[in-house]
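A.B. asks: One structure coming up, written as structure tokens, with questions to follow.
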Amino acid sequence: MEKQQEHWGSLPAWYLFLAAMGTSMFIIVAVTDMLGNQISAQINGWVSLVSFAMSSVGAMLLMLELTHKTKGYLIIARPFASILSFGGVIQSLYIPLVLVYASFFFNFIPWVGLVWLKMIVACLAILTGLLYVSYAGIELGEAKGRAFWNGGGLTCLFLINGAATGMAALILLMIILGYDGQAYTLAIKDLSVALLIAQAITVPGYVLGMRLSSAEEARQGADKLWRGDLSRSFWVGVITLGTVVPVIINLLFSSEYSLSLSSALILFGGIFFRVDFLRAAVRAALPGEERDEPSRKEIVELAATLESRWQEKARWLNRE
Amino acid sequence: MNCGMLATVEDGVVTKLVGDPEHPFNLGAQCPRGASALDHLNHPNRINYPLKQVGKRGAGQFKRVSWKEALDDIAARLAVLKEEYGAETIATTGGTNRTDDFARRRFFNLIGSPNVVHTAPVCWIPNFLTESASYGWAAFDPEIAGARCVVVWGHNPGSSYLPEMRGLLQAKANGTKIIVIDPIYSETASKAELWLPIKPGSDNALALAWLNVIINEGLFDYKFVAEWTVGFDELSDRVQEYTPEWAAEKTGISPELIAESARIYAMSKPACIQWGVATDQLGKGSTASAQARVALRIICGNLDVPGGDVMPGPHPTFVTDWEMELNEMLPEVQRNKQLGSEKFKLNSWPGYKLLTENMLRVWGKSIPAEWFCEANPSRVFRAMATGKPYPVKACIVLANNPLVSYANSKLVYKALKNLDLLVVMEYWMTPSAMLADYVLPVASWLERPVMTTTYGVSDWLIASERAIEPLYERKTDFDFWKELGYRMGQVEYWPWETDEDMFKYRLDPIDLGVDSYEEFVQYYRMHFADREYRKYQTRGGATLSGKIELKISLFEQLGYDPLPHYVERPFSPETKPEIAEQYPMTLVAGGGFMPFFHSEHKEITRIRLLRPYPRVTINPALAEKFKIEEGEWIWIETPTGKVKQTAFISPAVAPDVIQAERGWWFPEKEVTEPSLMGVFDSNINVCVDDDPDTCDELCGSFCSRGIMCRISKVEEDA
Amino acid sequence: MHWGLLINLKKCVGCQACTIACQNENALPSDLKYCKVAKVGPHGRYPNLTSYNITVGCMHCEDAPCVDGCPTGASHHRVDGIVAIDPEKCVGCLFCMLVCPYGVRQLNDEKGVVEKCTMCCERLDEGRVTRCVETCQLQARLVGDLDDPESEIVKQIHKQNAQPLYHHLGTKPSVYYIMP
């Protein structure tokens, strides 16, 4: 039986986290900028650059996972058929778009004044960004036989957590840039409290729903989080430290230190959330898989030991 | 049994190997061993050259020598030993399905030693000889396809003999009822209509109770019994005490189920009782168990009828193993020295002489002395170890690994170490070969012609030619005996240049007009003699009375009980109450299992990876009691010895029974003493006793099914 | 033309000959198995037990999640229904391993590409049966054309009411099982 999903490990989890966080923070700032918010107009360039960096690092992590990295471009070969390919295309569009968008905020760039162009780029970047943060949930939902991911709510959870982590990152960035205490920052903080409360309800709610699922493997996956081997990282990492504690901090305090702490905790919880939700999706066990069999690694090692021993003995047996 | 294979040879190299679709056994299929046979042929650890031990035995200091040097020296040393101690000081042990057994016997008859040994007492021979004593040959060719009921008794073809399993399942699909009698929920049991989960070793009690039910309920074949058998009334009187209620306690099966299953067998005509070897391994009472089953077959009228248990008889024209053995060359005085023959008389010269007289009268041929007339292994190893009743100083081991294959491995070790000359002809450097003075490379089936005749007792034969000449300096066993024979004054008795010449000589009387052995293989491949049913009607029984004997006169002549009877298990709380508390569990030490063949194939990496470590099956309740987890190493201990295997937790065994795998050694472990490739680590025969008092009274079979034992956790992981 | 396999679990004794023969046929490293054999059970309490054996390889689904999900087009359907992998196109993203409900895809570490049962398509193209069918001592396996109502495999599927494994997942496998 599959103990946990291990084909996609922590690198894809980091990728999902970084992409969702970076893109969310961009979307928030770009939208508020379009609505005329002054502060967002001032920090937009930096946010876009950070978002660009996050997405690029995430994309690189994804490439690192490939066995044939030089052929990685093949990933975008089937954008209308394969969701993964679609995501690759969206990512390839989003990353340059957000970079171009950032360029409108630095005065030495010659096209800084072309407002209409900035609007077009902003719209395109926001659109691709939305697709970019949404596709991952749909992608995992494709895995038949991993019913833990098949719930329609998965995309919502990913969006909520992506937005919460995006806001946390935004708050951190604003503190660094010296915008703490501003009304905009506090509004973002309040928004994040609302999102975290939603997260505190929906994430356990999703897991609870999966525990009641008719699919055995969904129940198993949910149980891993609820009370199984992933329960500590889930309850402590995701729910307590990553959700509940930041809510309390943000409700009670609003100093730059408390904000930094709560934001860091939210990001920390976001990582745990992605890792746990990837791992928990075990495959439906086939008949006969209830018994443990040696892992491939064990078999390879044993085979190598035996083969080298045979060679050693062959030299002894056949010496002149 | 040998399956048919087709080898593709390019430039003298076997490049491909597939099953032969025209072969009647495997119909083109292969088991894991067949599918990896090329790894067997080309394995880097095959013995390729004659090796001479130049250091201390077991130290692994071998030097490559020429065949001539090896054979000259072996012959000279054998001659000296024969001179000093008599020919009987030279013994041999053999294996199964790999060799031309007659050649070994021919050599030994010519040098004058009766001390030839196989694992015969625990492998089919008690069964075969009991049948032969009762009706003149064994009815070992059950016509399953035509049977309405098949009883698979102590046999698991689903793990050990797949072509037979295919036949069983085909029959089942056509409505044949399958009854499996086995203490273990085996692969075969899981596919059966009815599984009788008997206590290990209680087969005899069950068979006697079946006789009781069938006779008392009048379910037997009156007409057949009256016309063709003797001894029915005595049998009927005898089995009165063996009621289903009596057997229920011994077997653990309810009286109702015993009666019901007996009725199914008796009322489904025709029916077969398929032979297995588990009932040859009950120790004391093995032959008694065969005797009761023989009576079942007879009274139900299933002997030698279509869809029943068909008796082949010898091939009428082919020169059989028996004709090739030159048994007449072994003088009476040497026959009398056969170790164990004074006690275990059925499968040694006393019984064989009487059987041969009967068989010659009816068939004109007898069964081979190989397997059917042998020294008792326990006695031979004791004679090697202690010099009593006389010293056995030399042993030639061919196609077997005695340290793993015989009971009481530590005694076997002492025996082999005590020899003046140990010669081992082998594929592999086995633990036993490590102790040898000479290790000689043997050709495997692709490098030699193979003739399948079921130990020389079938009325058919299937032949194959060699795919390639032997690689390196490997030789066939026939070549070995012949060349050793040359050196020991037997030149005139080995007139054949090659294996093929010898087979050609044996095939000639069939008169098929072939010019060579290869031509026979090419045009005929196999030969099935015309077979008739109910030969007891046309030929009479090959017994003293000329009839089918329910009261076996040959047993009477040898001084044994001629009627089916109950023998208490050699190891049970009843027979050994003094150790019952210390050893509360019952060990089943054996049973064939995929993917290995006996003790072989541990070196074939692909096969080994399917089963890297030995497994002992224990019930979940027992595992819980001892806090044992799946895969954990556990000790298995009997008064004879202690080994460890890994726990396989499964309800396939009863809560107080464990089943340990047999044949385990580890070619990857340290080769030299004291490890000897871990031969004492997990080899269950270390725990199996062969005290002659616990062995079968007629055939000397040791007990490996139903031994008192205990288990414990292995504390440090080793 | 649509190749399919029929596996009779009433007959399989779990000898693993198919596993070994397949490994040899495809020259696979020891840890790669295109065809896995597992024992199911025994379940129950001694002596009231049931058990059977099952062999699992690629199900060659008609609606194959691996083919749909493959971003590069390496996993594809042949015209005869066989799900094949083009090693030149596989970049090792492992998404197919994630979405295969049967867990039959494995990464060949040496080649860095995902592999699985090919249904011996080269042998089928030459008019021979698959290696696993050829080697099976129990004759528990049958290969044939699922599109041909007269083929032995289709007749047996109907006669014995064979079903794919987990057909509720809706991937329309081409491998059918006769359950014990």
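We label chains A, B, ... in the order they appear in the structure tokens, count residues from 1 in each chain, and number ligands from 1 in the order shown.
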Produce a table with one row for each residue of chain B that has an atom at most 8 Å from any atom of chain C, each row naming the nearest atom pair and its distance in Å at one decimal; use only C-alpha atoms; arrange rows by chain and rising residue number; format as JSON lines.

C.D. replies:
```
{"residue": "B:Val18", "atom": "CA", "partner": "C:Thr135", "partner_atom": "CA", "distance": 7.9}
{"residue": "B:Gly19", "atom": "CA", "partner": "C:Thr135", "partner_atom": "CA", "distance": 7.1}
{"residue": "B:Asn26", "atom": "CA", "partner": "C:Gln137", "partner_atom": "CA", "distance": 6.4}
{"residue": "B:Leu27", "atom": "CA", "partner": "C:Gln137", "partner_atom": "CA", "distance": 7.8}
{"residue": "B:Gly28", "atom": "CA", "partner": "C:Glu134", "partner_atom": "CA", "distance": 6.8}
{"residue": "B:Ala29", "atom": "CA", "partner": "C:Thr135", "partner_atom": "CA", "distance": 4.2}
{"residue": "B:Gln30", "atom": "CA", "partner": "C:Thr135", "partner_atom": "CA", "distance": 4.9}
{"residue": "B:Cys31", "atom": "CA", "partner": "C:Ala17", "partner_atom": "CA", "distance": 4.9}
{"residue": "B:Pro32", "atom": "CA", "partner": "C:Ala17", "partner_atom": "CA", "distance": 4.0}
{"residue": "B:Arg33", "atom": "CA", "partner": "C:Ala17", "partner_atom": "CA", "distance": 7.7}
{"residue": "B:Ala35", "atom": "CA", "partner": "C:Ala21", "partner_atom": "CA", "distance": 5.2}
{"residue": "B:Ser36", "atom": "CA", "partner": "C:Ile20", "partner_atom": "CA", "distance": 7.1}
{"residue": "B:Gly158", "atom": "CA", "partner": "C:Val13", "partner_atom": "CA", "distance": 5.8}
{"residue": "B:Ser159", "atom": "CA", "partner": "C:Cys15", "partner_atom": "CA", "distance": 6.9}
{"residue": "B:Leu162", "atom": "CA", "partner": "C:Gln137", "partner_atom": "CA", "distance": 6.1}
{"residue": "B:Pro163", "atom": "CA", "partner": "C:Gln137", "partner_atom": "CA", "distance": 6.1}
{"residue": "B:Met165", "atom": "CA", "partner": "C:Leu138", "partner_atom": "CA", "distance": 7.1}
{"residue": "B:Arg166", "atom": "CA", "partner": "C:Leu138", "partner_atom": "CA", "distance": 4.8}
{"residue": "B:Leu169", "atom": "CA", "partner": "C:Lys11", "partner_atom": "CA", "distance": 6.7}
{"residue": "B:Tyr185", "atom": "CA", "partner": "C:Pro47", "partner_atom": "CA", "distance": 7.7}
{"residue": "B:Glu187", "atom": "CA", "partner": "C:Val13", "partner_atom": "CA", "distance": 6.3}
{"residue": "B:Ser190", "atom": "CA", "partner": "C:Ser51", "partner_atom": "CA", "distance": 6.2}
{"residue": "B:Lys191", "atom": "CA", "partner": "C:Lys10", "partner_atom": "CA", "distance": 7.5}
{"residue": "B:Pro197", "atom": "CA", "partner": "C:Pro47", "partner_atom": "CA", "distance": 6.7}
{"residue": "B:Met594", "atom": "CA", "partner": "C:Cys15", "partner_atom": "CA", "distance": 5.9}
{"residue": "B:Pro595", "atom": "CA", "partner": "C:Cys15", "partner_atom": "CA", "distance": 6.9}
{"residue": "B:Arg606", "atom": "CA", "partner": "C:Ser30", "partner_atom": "CA", "distance": 6.5}
{"residue": "B:Ile607", "atom": "CA", "partner": "C:Ile20", "partner_atom": "CA", "distance": 7.6}
{"residue": "B:Leu609", "atom": "CA", "partner": "C:Ser30", "partner_atom": "CA", "distance": 7.9}
{"residue": "B:Ser650", "atom": "CA", "partner": "C:Pro42", "partner_atom": "CA", "distance": 6.8}
{"residue": "B:Pro651", "atom": "CA", "partner": "C:Tyr46", "partner_atom": "CA", "distance": 5.5}
{"residue": "B:Ala652", "atom": "CA", "partner": "C:Pro42", "partner_atom": "CA", "distance": 6.4}
{"residue": "B:Val653", "atom": "CA", "partner": "C:Tyr46", "partner_atom": "CA", "distance": 6.8}
{"residue": "B:Ala654", "atom": "CA", "partner": "C:Tyr46", "partner_atom": "CA", "distance": 5.8}
{"residue": "B:Pro655", "atom": "CA", "partner": "C:Tyr46", "partner_atom": "CA", "distance": 7.8}
```

A.B. asks: Emit the selected residues as a compact mmCIF listing (two decimals), in the first residue's frame, including C-alpha atoms.

C.D. replies:
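The result, stored in again32.txt:
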```txt
# COMPACT_ATOMS: atom_id res chain seq x y z
CA VAL B 18 11.04 -20.30 -24.52
CA GLY B 19 8.68 -23.05 -23.51
CA ASN B 26 4.14 -27.29 -19.93
CA LEU B 27 2.49 -26.58 -23.30
CA GLY B 28 4.93 -23.78 -24.00
CA ALA B 29 4.84 -22.21 -20.56
CA GLN B 30 7.65 -21.56 -18.12
CA CYS B 31 7.81 -21.05 -14.39
CA PRO B 32 10.10 -18.34 -12.97
CA ARG B 33 12.99 -20.79 -13.05
CA ALA B 35 12.05 -18.05 -17.57
CA SER B 36 15.45 -17.34 -16.03
CA GLY B 158 -0.04 -24.69 -7.01
CA SER B 159 3.37 -23.88 -5.60
CA LEU B 162 2.38 -25.90 -12.01
CA PRO B 163 1.51 -28.09 -15.02
CA MET B 165 -2.13 -27.47 -11.13
CA ARG B 166 -3.23 -26.43 -14.59
CA LEU B 169 -8.04 -26.31 -12.45
CA TYR B 185 -4.18 -23.19 3.57
CA GLU B 187 -2.27 -22.22 -2.94
CA SER B 190 -7.43 -21.99 -1.77
CA LYS B 191 -8.70 -23.23 -5.12
CA PRO B 197 -7.39 -28.58 7.55
CA MET B 594 8.00 -20.76 -5.71
CA PRO B 595 10.44 -19.61 -6.92
CA ARG B 606 16.10 -12.11 -10.27
CA ILE B 607 14.68 -15.18 -8.59
CA LEU B 609 14.79 -10.95 -5.25
CA SER B 650 -0.81 -15.19 7.90
CA PRO B 651 -3.87 -17.09 9.05
CA ALA B 652 -2.95 -19.83 6.54
CA VAL B 653 -1.59 -21.82 9.47
CA ALA B 654 -3.41 -22.79 12.66
CA PRO B 655 -2.59 -20.73 15.76
```

A.B. asks: Report as CSV the residues of region 88-132 of chain C within 10 Å of region 68-87 of chain A, each with its shortest atom pair and distance in Å (one decimal), using only C-alpha atoms, ordered by chain and increasing residue number.

C.D. replies:
```
residue,atom,partner,partner_atom,distance
C:Glu88,CA,A:Lys71,CA,9.3
C:Lys89,CA,A:Leu74,CA,7.3
C:Cys90,CA,A:His68,CA,7.8
C:Val91,CA,A:His68,CA,4.7
C:Gly92,CA,A:His68,CA,6.3
C:Cys93,CA,A:Ile75,CA,8.5
C:Phe95,CA,A:Leu84,CA,8.1
C:Lys111,CA,A:His68,CA,9.4
C:Gly112,CA,A:His68,CA,6.8
C:Val113,CA,A:His68,CA,8.2
```

A.B. asks: What lies within 12 Å of His158 (chain C) using only C-alpha atoms, ignoring chain neighbours under 5 positions off, as a PyMOL selection string?

C.D. replies: chain C and resi 6+146+149-153+163+176-178

A.B. asks: Which residues in chain C does DSSP call strand (DSSP E or B)? List them as a short mmCIF file (atom, residue, chain, number, x, y, z; two decimals) with C-alpha atoms, in the first residue's frame.

C.D. replies:
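Result file result-v2.cif:
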```cif
data_model
loop_
_atom_site.label_atom_id
_atom_site.label_comp_id
_atom_site.auth_asym_id
_atom_site.auth_seq_id
_atom_site.Cartn_x
_atom_site.Cartn_y
_atom_site.Cartn_z
CA TRP C 3 -5.76 -5.08 -27.97
CA GLY C 4 -6.85 -6.26 -24.58
CA LEU C 5 -5.85 -8.75 -21.92
CA LEU C 6 -8.00 -11.11 -19.93
CA ILE C 7 -6.61 -12.40 -16.65
CA ASN C 8 -8.28 -15.29 -14.92
CA LYS C 36 3.43 -7.28 -10.58
CA VAL C 37 1.96 -10.22 -8.74
CA ALA C 38 0.38 -9.98 -5.33
CA LYS C 39 -1.33 -12.39 -3.04
CA VAL C 40 -4.64 -11.19 -1.70
CA GLY C 41 -5.20 -12.64 1.72
CA PRO C 42 -5.68 -15.14 3.11
CA HIS C 43 -8.43 -13.28 4.87
CA GLY C 44 -10.48 -14.73 7.68
CA ARG C 45 -9.71 -16.90 10.66
CA ASN C 48 -12.34 -20.23 7.37
CA LEU C 49 -10.20 -18.49 4.82
CA THR C 50 -10.25 -17.04 1.35
CA SER C 51 -7.41 -15.89 -0.81
CA TYR C 52 -6.42 -15.39 -4.39
CA ASN C 53 -3.61 -13.92 -6.43
CA ILE C 54 -3.68 -10.97 -8.74
CA THR C 55 -1.34 -9.66 -11.40
CA VAL C 56 -1.36 -5.97 -12.19
CA SER C 75 2.29 8.95 -23.36
CA HIS C 76 -0.05 8.24 -26.21
CA HIS C 77 -2.48 5.76 -27.63
CA VAL C 83 -0.98 3.00 -24.30
CA ALA C 84 2.63 3.56 -25.28
CA ILE C 85 5.37 5.89 -24.09
CA GLN C 106 7.63 3.49 -12.71
CA LEU C 107 10.54 5.78 -13.36
CA ASN C 108 13.45 3.99 -14.96
CA VAL C 113 11.93 8.08 -18.39
CA VAL C 114 8.72 6.59 -17.13
CA GLU C 115 8.06 3.02 -18.19
CA ARG C 141 -3.90 -14.98 -19.36
CA LEU C 142 -5.32 -14.29 -22.78
CA VAL C 143 -4.53 -11.52 -25.24
CA GLY C 144 -6.83 -10.57 -28.11
CA ASP C 145 -8.85 -8.02 -30.03
CA GLN C 163 -14.62 -6.83 -15.41
CA VAL C 175 -7.45 -5.36 -19.13
CA TYR C 176 -10.25 -7.54 -17.82
CA TYR C 177 -10.28 -9.82 -14.81
CA ILE C 178 -12.21 -12.97 -14.10
#
```

A.B. asks: At a cut-off of 8 Å, using only C-alpha atoms, what residues contact Leu230 (chain A)? Leave out same-chain residues fewer than 6 positions from it and give the result as a list of chain:residue names.

C.D. replies: A:Lys224, A:Asp276, A:Ala280

A.B. asks: What lies within 8 Å of Leu211 (chain B) using only C-alpha atoms, ignoring chain neighbours under 4 positions off, as a ChimeraX atom specification?

C.D. replies: /B:207,215,239,262,292,295-296

A.B. asks: Report, in Å to a single decimal, how far apart CA of Pro431 (chain B) and CA of Asn318 (chain A) are.

C.D. replies: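 Answer for the CA of Asn318 (chain A) to CA of Pro431 (chain B) separation: 17.6 Å.
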
A.B. asks: Please find the residues of chain B near chain A - the criterion being any atom within 9 Å, counting only C-alpha atoms - and write them as a list of chain:residue names.

C.D. replies: B:His43, B:Pro44, B:Asn45, B:Arg46, B:Ile47, B:Asn48, B:Tyr49, B:Leu51, B:Phe62, B:Lys63, B:Arg64, B:Val65, B:Met429, B:Glu603, B:Thr605, B:Arg606, B:Arg608, B:Leu609, B:Pro612, B:Glu630, B:Pro667, B:Glu668, B:Lys669

A.B. asks: Just to confirm, what's the straight-line distance from CA of Gly205 (chain A) to CA of Gly237 (chain A) in Å (one decimal)?

C.D. replies: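 Distance between the two atoms: 16.5 Å.
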
A.B. asks: Residues at most 9 Å from Val225 (chain B), counting only C-alpha atoms, excluding those fewer than 3 positions away in the same chain, as a list in words?

C.D. replies: Phe220, Asp221, Tyr222, Trp228, Thr229, Val230, Phe232, Ile298, Ile299, Cys300, Gly301 and Ile548 of chain B

A.B. asks: Suppose we keep N, CA and C atoms; can you now write the selection as an mmCIF file, in the first residue's frame?

C.D. replies:
```cif
data_model
loop_
_atom_site.group_PDB
_atom_site.id
_atom_site.type_symbol
_atom_site.label_atom_id
_atom_site.label_comp_id
_atom_site.auth_asym_id
_atom_site.auth_seq_id
_atom_site.Cartn_x
_atom_site.Cartn_y
_atom_site.Cartn_z
ATOM 1 N N PHE B 220 -18.187 -49.015 -0.772
ATOM 2 C CA PHE B 220 -17.071 -49.525 -1.583
ATOM 3 C C PHE B 220 -17.601 -50.309 -2.784
ATOM 4 N N ASP B 221 -16.695 -50.678 -3.676
ATOM 5 C CA ASP B 221 -17.048 -51.366 -4.913
ATOM 6 C C ASP B 221 -17.072 -52.881 -4.643
ATOM 7 N N TYR B 222 -18.265 -53.405 -4.307
ATOM 8 C CA TYR B 222 -18.395 -54.814 -3.879
ATOM 9 C C TYR B 222 -17.826 -55.759 -4.906
ATOM 10 N N TRP B 228 -11.249 -59.175 -7.345
ATOM 11 C CA TRP B 228 -9.829 -58.923 -7.636
ATOM 12 C C TRP B 228 -8.948 -58.707 -6.423
ATOM 13 N N THR B 229 -9.524 -58.721 -5.236
ATOM 14 C CA THR B 229 -8.674 -58.407 -4.082
ATOM 15 C C THR B 229 -8.662 -59.542 -3.073
ATOM 16 N N VAL B 230 -7.645 -59.504 -2.218
ATOM 17 C CA VAL B 230 -7.629 -60.407 -1.068
ATOM 18 C C VAL B 230 -7.472 -59.580 0.197
ATOM 19 N N PHE B 232 -10.036 -58.389 2.250
ATOM 20 C CA PHE B 232 -11.019 -57.372 2.587
ATOM 21 C C PHE B 232 -11.636 -57.576 3.970
ATOM 22 N N ILE B 298 -8.181 -48.890 -3.605
ATOM 23 C CA ILE B 298 -8.579 -50.220 -4.082
ATOM 24 C C ILE B 298 -10.071 -50.462 -3.842
ATOM 25 N N ILE B 299 -10.503 -50.264 -2.607
ATOM 26 C CA ILE B 299 -11.886 -50.674 -2.320
ATOM 27 C C ILE B 299 -12.899 -49.802 -3.047
ATOM 28 N N CYS B 300 -12.500 -48.602 -3.423
ATOM 29 C CA CYS B 300 -13.431 -47.757 -4.162
ATOM 30 C C CYS B 300 -13.378 -48.032 -5.665
ATOM 31 N N GLY B 301 -12.557 -48.993 -6.051
ATOM 32 C CA GLY B 301 -12.532 -49.409 -7.459
ATOM 33 C C GLY B 301 -11.930 -48.378 -8.393
ATOM 34 N N ILE B 548 -4.840 -58.243 -6.104
ATOM 35 C CA ILE B 548 -4.575 -56.973 -5.428
ATOM 36 C C ILE B 548 -4.722 -57.226 -3.938
#
```

A.B. asks: Might you pull out every residue within 8 Å of Trp322 (chain B), with only C-alpha atoms counted and same-chain residues fewer than 4 positions away left off, and present them as a list in words?

C.D. replies: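 Surrounding residues, per the criterion: Phe102, Leu326, Asn327, Lys365, Ser366, Ile367, Pro368, Ala369 and Gly456 of chain B.
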
A.B. asks: CA of Met585 (chain B) and CA of Ile198 (chain B), how far apart in Å?

C.D. replies: 15.0 Å

A.B. asks: Counting only C-alpha atoms, which residue out of A:Leu261, A:Leu117, A:Ile176, A:Leu195 sits closest to Ala163 (chain A)?

C.D. replies: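 Of the candidates, the smallest distance to Ala163 (chain A) is held by A:Leu195.
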
A.B. asks: I need the residue nearest chain C from this list: A:Thr67, A:Asn107, A:Ser10, A:Asn150. Use only C-alpha atoms for the distance.

C.D. replies: A:Thr67

A.B. asks: Quick check for you: according to DSSP on this backbone, which residues of region 26-264 of chain A are classed as helix (DSSP H, G or I)? Reply as a ChimeraX atom specification.

C.D. replies: /A:26-34,38-65,69-77,83-103,115-141,147-149,153-176,183-211,216-226,231-252,256-264

A.B. asks: Nearest residue to Gly170 (chain C) out of C:Cys61, C:Arg128, C:Leu9, C:Gly81, using only C-alpha atoms?

C.D. replies: C:Cys61

A.B. asks: Just checking: using only C-alpha atoms, which residue out of C:Cys120, C:Ala162, C:Cys96, C:Val129 ends up closest to chain A?

C.D. replies: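 When distances to chain A are compared using only C-alpha atoms, the smallest one comes from C:Cys96.
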